[in-house]
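Engineer: Structure file protein_27.cif (mmCIF, C-alpha atoms and all ligand atoms) is given on the next line.
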```
data_upload
loop_
_atom_site.label_atom_id
_atom_site.label_comp_id
_atom_site.auth_asym_id
_atom_site.auth_seq_id
_atom_site.Cartn_x
_atom_site.Cartn_y
_atom_site.Cartn_z
CA MET M 1 0.00 0.00 0.00
CA LYS M 2 1.29 3.46 -0.92
CA TYR M 3 0.10 6.58 0.90
CA PHE M 4 -0.19 10.04 -0.63
CA ILE M 5 -0.79 12.39 2.27
CA GLY M 6 -1.43 16.08 1.64
CA ASN M 7 -0.49 18.18 4.65
CA TRP M 8 -2.19 21.54 4.17
CA LYS M 9 -0.62 23.19 7.24
CA MET M 10 -2.22 26.62 7.94
CA PHE M 11 -4.00 26.90 4.59
CA GLY M 12 -7.63 26.49 3.59
CA VAL M 13 -11.16 27.74 4.22
CA PRO M 14 -14.44 25.87 3.71
CA GLY M 15 -14.48 26.71 -0.03
CA SER M 16 -11.20 24.83 -0.48
CA ILE M 17 -13.22 21.63 -0.48
CA ASN M 18 -13.40 22.02 -4.28
CA ILE M 19 -9.79 20.89 -4.40
CA LEU M 20 -10.78 17.61 -2.80
CA ASP M 21 -13.61 17.15 -5.29
CA LYS M 22 -11.12 17.17 -8.12
CA ILE M 23 -8.87 14.68 -6.36
CA ASN M 24 -11.86 12.48 -5.68
CA LEU M 25 -12.92 12.51 -9.33
CA PHE M 26 -9.41 11.54 -10.30
CA ASN M 27 -9.51 8.67 -7.85
CA LEU M 28 -12.84 7.42 -9.17
CA ARG M 29 -11.61 7.51 -12.74
CA ASP M 30 -8.53 5.52 -11.90
CA ARG M 31 -9.27 2.19 -13.49
CA ASN M 32 -5.89 0.67 -12.80
CA ARG M 33 -6.84 0.07 -9.21
CA LYS M 34 -3.37 0.79 -7.98
CA LYS M 35 -3.04 0.13 -4.30
CA TYR M 36 -2.77 3.60 -2.89
CA LYS M 37 -4.61 5.75 -0.38
CA VAL M 38 -5.14 9.48 -0.54
CA ILE M 39 -5.20 11.28 2.79
CA ILE M 40 -5.61 15.02 3.43
CA THR M 41 -4.77 16.72 6.71
CA PRO M 42 -6.49 20.13 6.66
CA PRO M 43 -6.49 22.58 9.57
CA TYR M 44 -8.73 21.67 12.54
CA THR M 45 -11.35 24.18 11.36
CA LEU M 46 -12.08 22.06 8.27
CA LEU M 47 -11.89 18.57 9.74
CA GLU M 48 -15.59 17.96 10.27
CA THR M 49 -16.81 19.36 6.93
CA PHE M 50 -14.14 17.53 4.97
CA ALA M 51 -14.65 14.26 6.84
CA LYS M 52 -18.42 14.40 6.24
CA ASN M 53 -18.02 15.08 2.54
CA PHE M 54 -15.54 12.30 1.95
CA LYS M 55 -17.00 9.45 3.84
CA SER M 56 -16.78 7.37 0.66
CA LYS M 57 -13.30 6.27 1.78
CA LYS M 58 -11.74 7.47 -1.45
CA ILE M 59 -10.12 10.25 0.53
CA LEU M 60 -9.38 9.91 4.22
CA ILE M 61 -9.24 12.97 6.41
CA GLY M 62 -6.79 13.42 9.26
CA SER M 63 -5.65 16.15 11.62
CA GLN M 64 -2.21 17.72 11.70
CA ASN M 65 -1.71 17.28 15.42
CA CYS M 66 -3.54 16.40 18.61
CA TYR M 67 -3.27 17.21 22.29
CA HIS M 68 -1.47 14.82 24.62
CA LYS M 69 -4.49 14.10 26.78
CA ASP M 70 -7.32 11.73 26.17
CA LEU M 71 -10.81 13.16 26.45
CA TYR M 72 -11.49 16.62 27.81
CA SER M 73 -9.29 18.93 29.88
CA SER M 74 -9.07 22.59 30.79
CA ASN M 75 -6.32 23.42 28.32
CA THR M 76 -7.20 26.46 26.23
CA ALA M 77 -7.07 25.84 22.45
CA ALA M 78 -6.22 22.17 22.89
CA ILE M 79 -7.96 19.48 20.83
CA SER M 80 -7.87 15.88 22.00
CA PRO M 81 -7.65 12.68 19.93
CA TYR M 82 -11.16 11.85 21.14
CA MET M 83 -12.54 15.10 19.70
CA ILE M 84 -10.72 14.53 16.42
CA LYS M 85 -12.10 11.03 16.11
CA LYS M 86 -15.62 12.24 16.93
CA VAL M 87 -15.76 14.59 13.93
CA GLY M 88 -14.91 11.75 11.56
CA ALA M 89 -11.16 12.05 11.10
CA LYS M 90 -9.33 8.77 10.72
CA LEU M 91 -5.78 9.70 11.58
CA THR M 92 -3.46 12.34 12.93
CA LEU M 93 0.06 13.51 12.27
CA ILE M 94 2.24 13.48 15.39
CA GLY M 95 5.70 14.96 15.85
CA HIS M 96 5.87 17.18 12.77
CA SER M 97 9.00 19.32 13.04
CA ASP M 98 6.81 22.45 13.20
CA ASN M 99 5.36 21.11 16.47
CA ARG M 100 8.61 19.70 17.81
CA SER M 101 10.13 23.17 17.42
CA GLU M 102 7.23 24.59 19.43
CA GLY M 103 7.96 22.36 22.41
CA ASP M 104 6.76 18.83 21.74
CA THR M 105 9.18 16.69 23.74
CA ASP M 106 9.56 12.91 23.37
CA LYS M 107 7.49 12.49 26.53
CA ILE M 108 4.66 14.60 25.14
CA LEU M 109 4.87 12.80 21.81
CA LYS M 110 4.65 9.42 23.49
CA ASP M 111 1.44 10.52 25.23
CA LYS M 112 0.05 11.81 21.94
CA VAL M 113 0.79 8.50 20.25
CA PHE M 114 -0.71 6.55 23.12
CA PHE M 115 -3.96 8.54 23.30
CA ALA M 116 -4.39 8.80 19.52
CA LEU M 117 -4.08 5.02 19.14
CA LYS M 118 -6.36 4.49 22.14
CA ASN M 119 -9.01 6.54 20.33
CA ASN M 120 -8.64 4.43 17.20
CA LEU M 121 -6.86 7.03 15.14
CA LYS M 122 -4.06 5.93 12.85
CA ILE M 123 -0.94 7.97 13.41
CA VAL M 124 1.70 9.36 11.10
CA PHE M 125 4.73 9.77 13.32
CA CYS M 126 7.19 12.29 11.86
CA ILE M 127 10.93 12.12 12.47
CA GLY M 128 13.90 13.83 10.87
CA GLU M 129 17.24 15.54 11.41
CA ASN M 130 17.98 19.24 10.96
CA LYS M 131 20.68 20.76 8.77
CA LYS M 132 23.25 21.01 11.54
CA GLN M 133 22.72 17.43 12.68
CA LYS M 134 23.10 16.22 9.10
CA LYS M 135 26.29 18.24 8.65
CA ASN M 136 27.71 16.71 11.84
CA ASN M 137 26.84 13.18 10.70
CA GLN M 138 24.32 12.73 13.49
CA THR M 139 21.34 11.75 11.34
CA LEU M 140 21.22 8.09 12.32
CA LYS M 141 21.72 8.85 16.00
CA VAL M 142 18.97 11.49 15.99
CA LEU M 143 16.50 9.17 14.27
CA HIS M 144 17.33 6.37 16.70
CA LYS M 145 16.50 8.61 19.64
CA GLN M 146 13.32 10.01 18.08
CA LEU M 147 12.01 6.50 17.42
CA THR M 148 13.09 4.63 20.53
CA GLN M 149 12.01 7.34 22.98
CA VAL M 150 8.45 7.31 21.68
CA LEU M 151 7.43 4.08 19.97
CA GLU M 152 6.90 0.87 21.93
CA LYS M 153 6.15 -2.73 21.07
CA ARG M 154 2.74 -2.54 22.78
CA PHE M 155 1.58 0.07 20.22
CA ASN M 156 -0.32 -1.45 17.29
CA ARG M 157 2.09 -1.21 14.38
CA ASN M 158 -0.78 -1.59 11.87
CA ASN M 159 -2.03 1.83 12.93
CA ILE M 160 1.35 3.53 12.71
CA ILE M 161 3.04 5.09 9.70
CA VAL M 162 6.51 6.53 10.21
CA ALA M 163 7.25 9.62 8.09
CA TYR M 164 10.91 10.38 7.54
CA GLU M 165 11.05 14.14 6.96
CA PRO M 166 14.53 15.66 6.99
CA ILE M 167 13.94 19.18 8.31
CA TRP M 168 16.47 20.69 5.88
CA SER M 169 14.32 19.38 3.06
CA ILE M 170 10.92 20.67 4.21
CA GLY M 171 9.83 23.57 2.02
CA THR M 172 13.33 24.12 0.59
CA GLY M 173 13.17 22.26 -2.72
CA LYS M 174 16.11 20.10 -1.59
CA ILE M 175 15.74 16.33 -1.44
CA PRO M 176 18.22 13.69 -0.22
CA ASN M 177 20.23 11.82 -2.84
CA GLN M 178 19.10 8.26 -3.42
CA GLU M 179 22.07 6.62 -1.80
CA GLU M 180 21.78 8.54 1.45
CA LEU M 181 18.00 8.18 1.50
CA LEU M 182 18.19 4.41 1.06
CA LYS M 183 20.79 4.15 3.82
CA THR M 184 18.59 6.20 6.16
CA ILE M 185 15.43 4.27 5.38
CA LEU M 186 17.21 0.95 5.97
CA HIS M 187 18.46 2.30 9.27
CA ILE M 188 14.92 3.30 10.27
CA LYS M 189 13.71 -0.19 9.34
CA LYS M 190 16.40 -1.73 11.54
CA ILE M 191 15.36 0.38 14.53
CA LEU M 192 11.69 -0.40 13.95
CA ARG M 193 12.49 -4.13 13.86
CA LYS M 194 14.20 -3.78 17.21
CA ILE M 195 11.08 -2.16 18.63
CA PHE M 196 8.33 -4.18 16.93
CA GLY M 197 9.95 -7.40 15.76
CA LYS M 198 9.69 -8.74 12.24
CA ARG M 199 6.56 -6.89 11.12
CA ILE M 200 7.03 -3.14 11.27
CA PRO M 201 5.03 0.04 10.50
CA SER M 202 5.06 1.48 6.97
CA ILE M 203 7.65 4.15 6.22
CA ILE M 204 6.93 7.18 4.05
CA TYR M 205 9.06 10.13 2.95
CA GLY M 206 8.31 13.85 3.26
CA GLY M 207 10.20 16.97 2.25
CA SER M 208 9.83 18.95 -1.00
CA VAL M 209 8.09 16.13 -2.87
CA ASP M 210 6.53 17.47 -6.06
CA GLU M 211 5.26 16.33 -9.44
CA THR M 212 8.70 16.65 -11.02
CA ASN M 213 10.83 14.77 -8.48
CA VAL M 214 8.44 12.05 -7.28
CA GLN M 215 9.70 9.49 -9.80
CA LYS M 216 13.15 9.66 -8.25
CA PHE M 217 11.77 7.96 -5.15
CA ARG M 218 10.30 5.05 -7.05
CA LYS M 219 13.49 3.03 -7.03
CA ILE M 220 13.41 2.80 -3.26
CA ASN M 221 10.82 0.12 -2.70
CA GLU M 222 10.97 0.53 1.06
CA ILE M 223 9.25 3.93 0.76
CA ASN M 224 5.50 3.37 1.14
CA GLY M 225 4.35 6.82 0.15
CA PHE M 226 4.74 10.52 0.75
CA LEU M 227 3.85 13.34 3.09
CA ILE M 228 3.37 16.30 0.79
CA GLY M 229 3.17 19.88 2.02
CA GLY M 230 3.40 22.76 -0.47
CA ALA M 231 2.49 20.73 -3.56
CA SER M 232 -0.67 19.35 -1.96
CA LYS M 233 -2.47 22.69 -1.99
CA SER M 234 -2.98 22.49 -5.75
CA SER M 235 -5.21 19.63 -6.88
CA LYS M 236 -3.39 19.55 -10.23
CA LYS M 237 0.03 19.19 -8.64
CA PHE M 238 -1.20 16.67 -6.12
CA ILE M 239 -2.85 14.50 -8.79
CA ASP M 240 0.24 14.82 -11.00
CA ILE M 241 2.37 13.53 -8.13
CA ILE M 242 0.27 10.35 -8.02
CA LYS M 243 0.13 10.03 -11.81
CA ASN M 244 3.86 10.58 -12.28
CA TYR M 245 4.73 8.18 -9.51
CA TYR M 246 2.99 5.36 -11.37
CA ARG M 247 3.97 6.47 -14.87
P1 LIG Z 1 6.89 20.27 1.90
O1 LIG Z 1 6.36 19.96 3.38
O2 LIG Z 1 6.37 19.20 0.98
O3 LIG Z 1 6.33 21.63 1.57
O4 LIG Z 1 8.39 20.26 1.95
C1 LIG Z 1 6.31 18.64 3.88
C2 LIG Z 1 5.82 18.65 5.31
O5 LIG Z 1 6.14 19.57 6.06
O6 LIG Z 1 5.08 17.75 5.73
#
```
Please, can you express the file's structure as structure tokens?
Structural biologist:
Amino acid sequence: MKYFIGNWKMFGVPGSINILDKINLFNLRDRNRKKYKVIITPPYTLLETFAKNFKSKKILIGSQNCYHKDLYSSNTAAISPYMIKKVGAKLTLIGHSDNRSEGDTDKILKDKVFFALKNNLKIVFCIGENKKQKKNNQTLKVLHKQLTQVLEKRFNRNNIIVAYEPIWSIGTGKIPNQEELLKTILHIKKILRKIFGKRIPSIIYGGSVDETNVQKFRKINEINGFLIGGASKSSKKFIDIIKNYYR
């Protein structure tokens, strides 16, 4: 199964649902029945409307984050996994570098993962090194810590997708070369095997994926899809990413 996840970040108003209509039409017309899933993570304000409109399962709707508590609590502006699930979302991103840089520690992330899974949300757990860490050859060490401090064997690996998103690549137009990407993905697999045993969560890639470079990732079979930021805001670009990947 390949995942094409559009992370809208802080973009979109109710009218933006037209974009999803186009993606949905494209999905319906796809006669090849390729095994892929389209997921969109809009801002919280659009979760319910989008989830209601796309119940057909052609497009799944997820949130970009969740609070690290279960049900309700007196935390202003916080939104719990329970509330996200109740409006029809099926998954949530956790640990995006935007949120890590705003204070999400490993401890907080572990609670988020725990409560999201408890509320039957799938999670996309984001990891990745920054520019300085890459320059100092710390990538593998950083990823090891990010994974082992948060994920545990007791978590259901079927409901977890790990997104490798090098921070230096997000929004910059830079992508890792194939050799280094393969090495990193194999390293992630090794760590996941240590945590989960033989059967491990899917691994996807994120960072400046667009319709022109997506084919470059095809050679790496271990990559089960993409987390797409900037290019997911245009239905044309987003559809072209899927088309070009399978071309
Ligand atoms: P990008 O963002 O595709 O714009 O680099 C990816 C992400 O932040 O998830």
Engineer: Which distance in Å separates CA of Asn213 (chain M) and CA of Phe238 (chain M), to one decimal?
Structural biologist: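 Computed distance, CA of Asn213 (chain M) to CA of Phe238 (chain M), equals 12.4 Å.
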Engineer: Would you mind listing the residues within 10 Å of ligand LIG 1 (chain Z), counting all atoms listed in the file, as a PDB file with C-alpha atoms, keeping the file's coordinate frame?
Structural biologist:
```
ATOM      1  CA  ILE M   5      -0.790  12.390   2.270  1.00  0.00           C
ATOM      2  CA  GLY M   6      -1.430  16.080   1.640  1.00  0.00           C
ATOM      3  CA  ASN M   7      -0.490  18.180   4.650  1.00  0.00           C
ATOM      4  CA  TRP M   8      -2.190  21.540   4.170  1.00  0.00           C
ATOM      5  CA  LYS M   9      -0.620  23.190   7.240  1.00  0.00           C
ATOM      6  CA  THR M  41      -4.770  16.720   6.710  1.00  0.00           C
ATOM      7  CA  GLN M  64      -2.210  17.720  11.700  1.00  0.00           C
ATOM      8  CA  LEU M  93       0.060  13.510  12.270  1.00  0.00           C
ATOM      9  CA  HIS M  96       5.870  17.180  12.770  1.00  0.00           C
ATOM     10  CA  SER M  97       9.000  19.320  13.040  1.00  0.00           C
ATOM     11  CA  ASP M  98       6.810  22.450  13.200  1.00  0.00           C
ATOM     12  CA  CYS M 126       7.190  12.290  11.860  1.00  0.00           C
ATOM     13  CA  ALA M 163       7.250   9.620   8.090  1.00  0.00           C
ATOM     14  CA  TYR M 164      10.910  10.380   7.540  1.00  0.00           C
ATOM     15  CA  GLU M 165      11.050  14.140   6.960  1.00  0.00           C
ATOM     16  CA  PRO M 166      14.530  15.660   6.990  1.00  0.00           C
ATOM     17  CA  ILE M 167      13.940  19.180   8.310  1.00  0.00           C
ATOM     18  CA  TRP M 168      16.470  20.690   5.880  1.00  0.00           C
ATOM     19  CA  SER M 169      14.320  19.380   3.060  1.00  0.00           C
ATOM     20  CA  ILE M 170      10.920  20.670   4.210  1.00  0.00           C
ATOM     21  CA  GLY M 171       9.830  23.570   2.020  1.00  0.00           C
ATOM     22  CA  THR M 172      13.330  24.120   0.590  1.00  0.00           C
ATOM     23  CA  GLY M 173      13.170  22.260  -2.720  1.00  0.00           C
ATOM     24  CA  LYS M 174      16.110  20.100  -1.590  1.00  0.00           C
ATOM     25  CA  ILE M 175      15.740  16.330  -1.440  1.00  0.00           C
ATOM     26  CA  TYR M 205       9.060  10.130   2.950  1.00  0.00           C
ATOM     27  CA  GLY M 206       8.310  13.850   3.260  1.00  0.00           C
ATOM     28  CA  GLY M 207      10.200  16.970   2.250  1.00  0.00           C
ATOM     29  CA  SER M 208       9.830  18.950  -1.000  1.00  0.00           C
ATOM     30  CA  VAL M 209       8.090  16.130  -2.870  1.00  0.00           C
ATOM     31  CA  ASP M 210       6.530  17.470  -6.060  1.00  0.00           C
ATOM     32  CA  PHE M 226       4.740  10.520   0.750  1.00  0.00           C
ATOM     33  CA  LEU M 227       3.850  13.340   3.090  1.00  0.00           C
ATOM     34  CA  ILE M 228       3.370  16.300   0.790  1.00  0.00           C
ATOM     35  CA  GLY M 229       3.170  19.880   2.020  1.00  0.00           C
ATOM     36  CA  GLY M 230       3.400  22.760  -0.470  1.00  0.00           C
ATOM     37  CA  ALA M 231       2.490  20.730  -3.560  1.00  0.00           C
ATOM     38  CA  SER M 232      -0.670  19.350  -1.960  1.00  0.00           C
ATOM     39  CA  LYS M 233      -2.470  22.690  -1.990  1.00  0.00           C
TER      40      LYS M 233
END
```
Engineer: Excluding same-chain residues fewer than 3 positions from Leu60 (chain M), what lies within 8 Å of it counting all atoms listed in the file, as an MDAnalysis selection string?
Structural biologist: chainID M and resid 37:40 51 54:55 57 89:90
Engineer: Could you check the closest approach to Ile23 (chain M) for each of M:Leu182, M:Lys58, M:His187, M:Pro81 and tell me which residue wins, using all atoms listed in the file?
Structural biologist: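 Checking each of M:Leu182, M:Lys58, M:His187, M:Pro81 against Ile23 (chain M), counting all atoms listed in the file, the winner is M:Lys58.
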Engineer: Could you tell me which of M:Phe155, M:Phe196, M:Phe26, M:Phe125 comes closest to Ile59 (chain M) if we count all atoms listed in the file?
Structural biologist: M:Phe26
Engineer: At what distance in Å, to one decimal, does CA of Arg154 (chain M) lie from CA of Gly128 (chain M)?
Structural biologist: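 Spanning CA of Gly128 (chain M) to CA of Arg154 (chain M) is a straight-line distance of 23.1 Å.
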Engineer: Please report the interatomic distance between CA of Asp111 (chain M) and CA of His68 (chain M) in Å with one decimal.
Structural biologist: 5.2 Å
Engineer: I'd like the neighbourhood of Pro14 (chain M) as a PyMOL selection string, where a residue qualifies if any of its atoms comes within 10 Å (using all atoms listed in the file), though same-chain residues fewer than 4 positions away should be ignored.
Structural biologist: chain M and resi 18+45-47+49-50
Engineer: With C-alpha atoms retained, could you export that selection as a PDB file, in the frame of the given file?
Structural biologist:
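After the write, out-v3.pdb holds the following:
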```
ATOM      1  CA  ASN M  18     -13.400  22.020  -4.280  1.00  0.00           C
ATOM      2  CA  THR M  45     -11.350  24.180  11.360  1.00  0.00           C
ATOM      3  CA  LEU M  46     -12.080  22.060   8.270  1.00  0.00           C
ATOM      4  CA  LEU M  47     -11.890  18.570   9.740  1.00  0.00           C
ATOM      5  CA  THR M  49     -16.810  19.360   6.930  1.00  0.00           C
ATOM      6  CA  PHE M  50     -14.140  17.530   4.970  1.00  0.00           C
TER       7      PHE M  50
END
```
Engineer: If you count all atoms listed in the file, which residues fall within 12 Å of Ile191 (chain M), apart from same-chain ones fewer than 3 positions away, as a PyMOL selection string?
Structural biologist: chain M and resi 140-149+151-153+162+184-188+194-201+203
Engineer: Nearest to Met1 (chain M): which of M:Ser234, M:Gln138, M:Gln215, M:Asn221 is it, counting all atoms listed in the file?
Structural biologist: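 Closest candidate: M:Asn221.
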Engineer: Smallest atom-to-atom distance to Val13 (chain M): which of M:Lys219, M:Pro43, M:Met83, M:Arg100, using only C-alpha atoms?
Structural biologist: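 Closest to Val13 (chain M), using only C-alpha atoms: M:Pro43.
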Engineer: Using all atoms listed in the file, which residue out of M:Phe217, M:Thr212, M:Gly15, M:Glu222 lies closest to Asp240 (chain M)?
Structural biologist: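 Between M:Phe217, M:Thr212, M:Gly15, M:Glu222, the residue approaching Asp240 (chain M) most closely is M:Thr212.
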